[in-house]
Amino acid sequence: MAAASPAAFIFDLDGLIIDTESLCIEVAQQVLAQHGKVLTKEAQRTALGKRPLDCWRDVAALLGLDVPAQQLFDQTEPLLEARWADVRPLPGARRLLQHLSDCGAKVAIATSTSRATFGKKLSKKPWLQELFQASVCGDEVTNGKPAPDVFAEAARQLGVAASSCLCFEDAPSGVEGAVAAGMRVVVVPSLVEAQDEFKAISQEEAAASGKGGVVQVLPSLLAFDPTIYGLPPFGDLVEGVIPLDPVFTISGTVVKGFGRGSKELGIPTANVDADSLRHSIAEAVTGIYCGWASIGDSSEVYKMVMSIGWNPFYNNTEKTAEPWILHDFEQPFYGQEIRLLVCGYVRPEANFTSLEALVARIHKDGEVSKAALSHPQLQHYAAEAFLQPAAAAAAAAGGVEGVAELEEVAVAASG
């Protein structure tokens, strides 16, 4: 049963549309280390979604750090300012915003970011600036999240009642504020540990109460189904796979994993070292993806399907990336560099009732991925320079620049 069609859609920015959370965590860790403190998971959760000074005030109080919030802000801001423009969009963000625009929907951004920083974050993303009609920043309202001010003002600017809006949020403080404004909320948690905090109510219950509430908790914007809200379906599937725009890349070292791929599953997966994974994608990016892979000094490129996340069936305690390269190799390649270009989303992570069900699903994922990667829309990525040994090394040395260049290729290909 379809839910009531929203009059407008309100989006948070950080940790939902763009991956600023990874950068903020990195810089916060550096600054706290200078004061003899460690950024705990609890502190990360406390900081999510809030205005910078509110964030540092609450983190300092939680960690017992007797340093003024303004001083901590002044230490972090120079480290962040030069890098804001290069933060990457999160998977599914551009796709959903473009779909809403194509449908003629009203869209606004409601963010804790200041107006000046907001401009910096969007300065290299003209496509994003074209996909919303209004924006409200944290320094333009009296009270920051978790107060409802920024959400109420976004609805006012769009000329709709807050209670008629569907809001997308990633942070507990933002969810609290949107619900307080009377909005229905779709939560896409940017911290995996926070997922269990959000309990969804039914669409009917939210509508009947007139008070809004969390109506969906999704692992990714890629998992959002617009037809639930009376909108047309996405029309971009390639053999059942969602093409990514932009694509993302991972390069790292093949390490020994849990030993279950070949032994238990009969599927020889590789494991990417944890540091490379941590620096390549946001913590909350999970799911089954497909794309292209190359190994070591070889220029050969292979189709692959990959699990990113915690593998619910095995209940991993550490996030992993486990690509299954769809090719038979005579020898293992532990210790060699692996280069992965990820261009398609197959499905969310899922749990299974039996090992046999898991194995069957992995094989189905492989078949789906083979078909999608044979389609011209995804096949052309096999020729990307990133997948070649020397080019991959140069891209890694260039950091964000190497990835940014590839993103531009993705945008051009989709256009």
# chains A, B, ... in the order shown; residues from 1 in each chain; ligands from 1
>>> select_by_dssp(residues="region 136-370 of chain A", states="strand (DSSP E)", output="ChimeraX atom specification")
/A:136,165-169,184-187,213-217,242-255,271-272,287-295,302-309,320-325,337-347
>>> residues_around(residues="region 35-48 of chain A", least_positions_apart="2", cutoff="8 Å", atoms="only C-alpha atoms", output="ChimeraX atom specification")
/A:25,28-29,31-33,50,55-56,58-59,62-63,65,171-173,191,194
>>> atom_distance(atom1="CA of Ile18 (chain A)", atom2="CA of Leu90 (chain A)")
5.2 Å
>>> atom_distance(atom1="CA of Glu300 (chain A)", atom2="CA of Ala270 (chain A)")
16.5 Å
>>> closest_residue(among="A:Ala82, A:Leu373, A:Ile17, A:Ala180", to="Thr111 (chain A)", atoms="only C-alpha atoms")
A:Ile17
>>> residues_around(residues="Ser123 (chain A)", least_positions_apart="3", cutoff="9 Å", atoms="only C-alpha atoms", output="PyMOL selection string")
chain A and resi 84-86+118-120+126+129
>>> residues_around(residues="Gln34 (chain A)", least_positions_apart="6", cutoff="12 Å", atoms="only C-alpha atoms", output="mmCIF file with all heavy atoms, in the first residue's frame")
data_model
loop_
_atom_site.group_PDB
_atom_site.id
_atom_site.type_symbol
_atom_site.label_atom_id
_atom_site.label_comp_id
_atom_site.auth_asym_id
_atom_site.auth_seq_id
_atom_site.Cartn_x
_atom_site.Cartn_y
_atom_site.Cartn_z
ATOM 1 N N VAL A 27 39.839 14.400 11.101
ATOM 2 C CA VAL A 27 40.376 15.645 11.661
ATOM 3 C C VAL A 27 40.124 15.717 13.171
ATOM 4 O O VAL A 27 40.997 16.137 13.938
ATOM 5 C CB VAL A 27 39.777 16.861 10.935
ATOM 6 C CG1 VAL A 27 40.133 18.161 11.652
ATOM 7 C CG2 VAL A 27 40.272 16.901 9.485
ATOM 8 N N ALA A 28 38.946 15.310 13.601
ATOM 9 C CA ALA A 28 38.645 15.321 15.036
ATOM 10 C C ALA A 28 39.595 14.424 15.809
ATOM 11 O O ALA A 28 40.042 14.762 16.921
ATOM 12 C CB ALA A 28 37.201 14.900 15.270
ATOM 13 N N LEU A 65 36.929 16.839 28.538
ATOM 14 C CA LEU A 65 37.982 17.696 27.990
ATOM 15 C C LEU A 65 37.693 19.147 28.359
ATOM 16 O O LEU A 65 36.694 19.728 27.914
ATOM 17 C CB LEU A 65 38.049 17.530 26.470
ATOM 18 C CG LEU A 65 39.066 18.380 25.710
ATOM 19 C CD1 LEU A 65 40.477 18.082 26.192
ATOM 20 C CD2 LEU A 65 38.950 18.123 24.207
ATOM 21 N N VAL A 67 38.426 22.139 27.478
ATOM 22 C CA VAL A 67 38.881 23.064 26.435
ATOM 23 C C VAL A 67 37.632 23.700 25.820
ATOM 24 O O VAL A 67 36.679 22.993 25.496
ATOM 25 C CB VAL A 67 39.688 22.331 25.335
ATOM 26 C CG1 VAL A 67 40.080 23.292 24.216
ATOM 27 C CG2 VAL A 67 40.924 21.676 25.932
ATOM 28 N N LEU A 72 38.465 24.449 20.101
ATOM 29 C CA LEU A 72 38.500 23.208 19.333
ATOM 30 C C LEU A 72 38.048 23.453 17.891
ATOM 31 O O LEU A 72 38.619 22.899 16.944
ATOM 32 C CB LEU A 72 37.610 22.164 19.994
ATOM 33 C CG LEU A 72 38.095 21.675 21.368
ATOM 34 C CD1 LEU A 72 36.998 20.891 22.071
ATOM 35 C CD2 LEU A 72 39.356 20.841 21.221
ATOM 36 N N GLN A 75 40.816 25.055 15.940
ATOM 37 C CA GLN A 75 41.872 24.109 15.589
ATOM 38 C C GLN A 75 41.484 23.241 14.394
ATOM 39 O O GLN A 75 42.336 22.906 13.562
ATOM 40 C CB GLN A 75 42.197 23.209 16.788
ATOM 41 C CG GLN A 75 42.979 23.872 17.891
ATOM 42 C CD GLN A 75 43.285 22.893 19.004
ATOM 43 O OE1 GLN A 75 42.598 22.827 20.015
ATOM 44 N NE2 GLN A 75 44.332 22.103 18.816
ATOM 45 N N THR A 76 40.215 22.874 14.327
ATOM 46 C CA THR A 76 39.791 21.954 13.262
ATOM 47 C C THR A 76 39.480 22.653 11.949
ATOM 48 O O THR A 76 39.723 22.093 10.875
ATOM 49 C CB THR A 76 38.543 21.164 13.693
ATOM 50 O OG1 THR A 76 37.520 22.082 14.098
ATOM 51 C CG2 THR A 76 38.849 20.219 14.814
#
>>> atom_distance(atom1="CA of Gly309 (chain A)", atom2="CA of Ala357 (chain A)")
18.6 Å
>>> closest_residue(among="A:Tyr334, A:Phe234, A:Tyr381, A:Phe198", to="Thr249 (chain A)", atoms="only C-alpha atoms")
A:Tyr381
>>> residues_around(residues="Leu158 (chain A)", least_positions_apart="5", cutoff="12 Å", atoms="only C-alpha atoms", output="NGL selection string")
:A and (7-10 or 105-110 or 132-136 or 151-153 or 164-165)
>>> write_last_selection(atoms="N, CA and C atoms", output="short mmCIF file (atom, residue, chain, number, x, y, z; two decimals), in the first residue's frame")
data_model
loop_
_atom_site.label_atom_id
_atom_site.label_comp_id
_atom_site.auth_asym_id
_atom_site.auth_seq_id
_atom_site.Cartn_x
_atom_site.Cartn_y
_atom_site.Cartn_z
N ALA A 7 4.31 16.46 0.05
CA ALA A 7 4.26 17.73 -0.68
C ALA A 7 5.66 18.23 -1.01
N ALA A 8 6.65 17.77 -0.24
CA ALA A 8 8.04 18.18 -0.46
C ALA A 8 8.97 17.18 0.22
N PHE A 9 10.24 17.25 -0.18
CA PHE A 9 11.25 16.35 0.35
C PHE A 9 12.38 17.19 0.94
N ILE A 10 12.72 16.90 2.19
CA ILE A 10 13.76 17.65 2.91
C ILE A 10 14.94 16.73 3.16
N ALA A 105 9.35 17.39 -8.14
CA ALA A 105 9.13 17.49 -6.70
C ALA A 105 9.83 18.70 -6.11
N LYS A 106 9.28 19.21 -5.02
CA LYS A 106 9.93 20.28 -4.27
C LYS A 106 10.96 19.66 -3.32
N VAL A 107 12.17 20.22 -3.33
CA VAL A 107 13.26 19.67 -2.53
C VAL A 107 14.00 20.79 -1.83
N ALA A 108 14.35 20.57 -0.57
CA ALA A 108 15.15 21.54 0.18
C ALA A 108 16.23 20.81 0.97
N ILE A 109 17.31 21.53 1.26
CA ILE A 109 18.38 21.04 2.13
C ILE A 109 18.21 21.71 3.49
N ALA A 110 18.25 20.92 4.56
CA ALA A 110 18.19 21.45 5.93
C ALA A 110 19.42 20.94 6.67
N PHE A 132 17.92 21.32 -5.87
CA PHE A 132 17.04 21.72 -4.77
C PHE A 132 16.63 23.18 -4.96
N GLN A 133 15.46 23.51 -4.44
CA GLN A 133 14.91 24.85 -4.60
C GLN A 133 15.14 25.75 -3.39
N ALA A 134 15.48 25.18 -2.27
CA ALA A 134 15.70 25.97 -1.06
C ALA A 134 16.75 25.29 -0.19
N SER A 135 17.40 26.07 0.65
CA SER A 135 18.36 25.53 1.60
C SER A 135 18.36 26.39 2.85
N VAL A 136 18.47 25.73 3.99
CA VAL A 136 18.52 26.42 5.27
C VAL A 136 19.74 25.90 6.02
N PHE A 151 14.23 22.52 9.99
CA PHE A 151 13.26 21.77 9.18
C PHE A 151 11.99 22.59 8.94
N ALA A 152 11.53 23.28 9.99
CA ALA A 152 10.35 24.11 9.84
C ALA A 152 10.59 25.24 8.85
N GLU A 153 11.79 25.80 8.88
CA GLU A 153 12.11 26.89 7.97
C GLU A 153 12.24 26.39 6.53
N SER A 164 3.55 17.78 5.97
CA SER A 164 3.34 17.14 4.67
C SER A 164 4.65 16.75 3.99
N CYS A 165 5.77 16.93 4.70
CA CYS A 165 7.09 16.66 4.11
C CYS A 165 7.62 15.29 4.50
#
>>> closest_residue(among="A:Pro348, A:Gly240, A:Pro189, A:Pro6", to="Gln203 (chain A)", atoms="only C-alpha atoms")
A:Pro6
>>> residues_around(residues="region 98-100 of chain A", least_positions_apart="2", cutoff="10 Å", atoms="only C-alpha atoms", output="count of residues only")
24
>>> select_by_dssp(residues="region 140-309 of chain A", states="helix (DSSP H, G or I)", output="number ranges by chain")
A: 140, 149-158, 162-164, 172-180, 192-197, 203-209, 221-223, 226-229, 260-263, 274-280
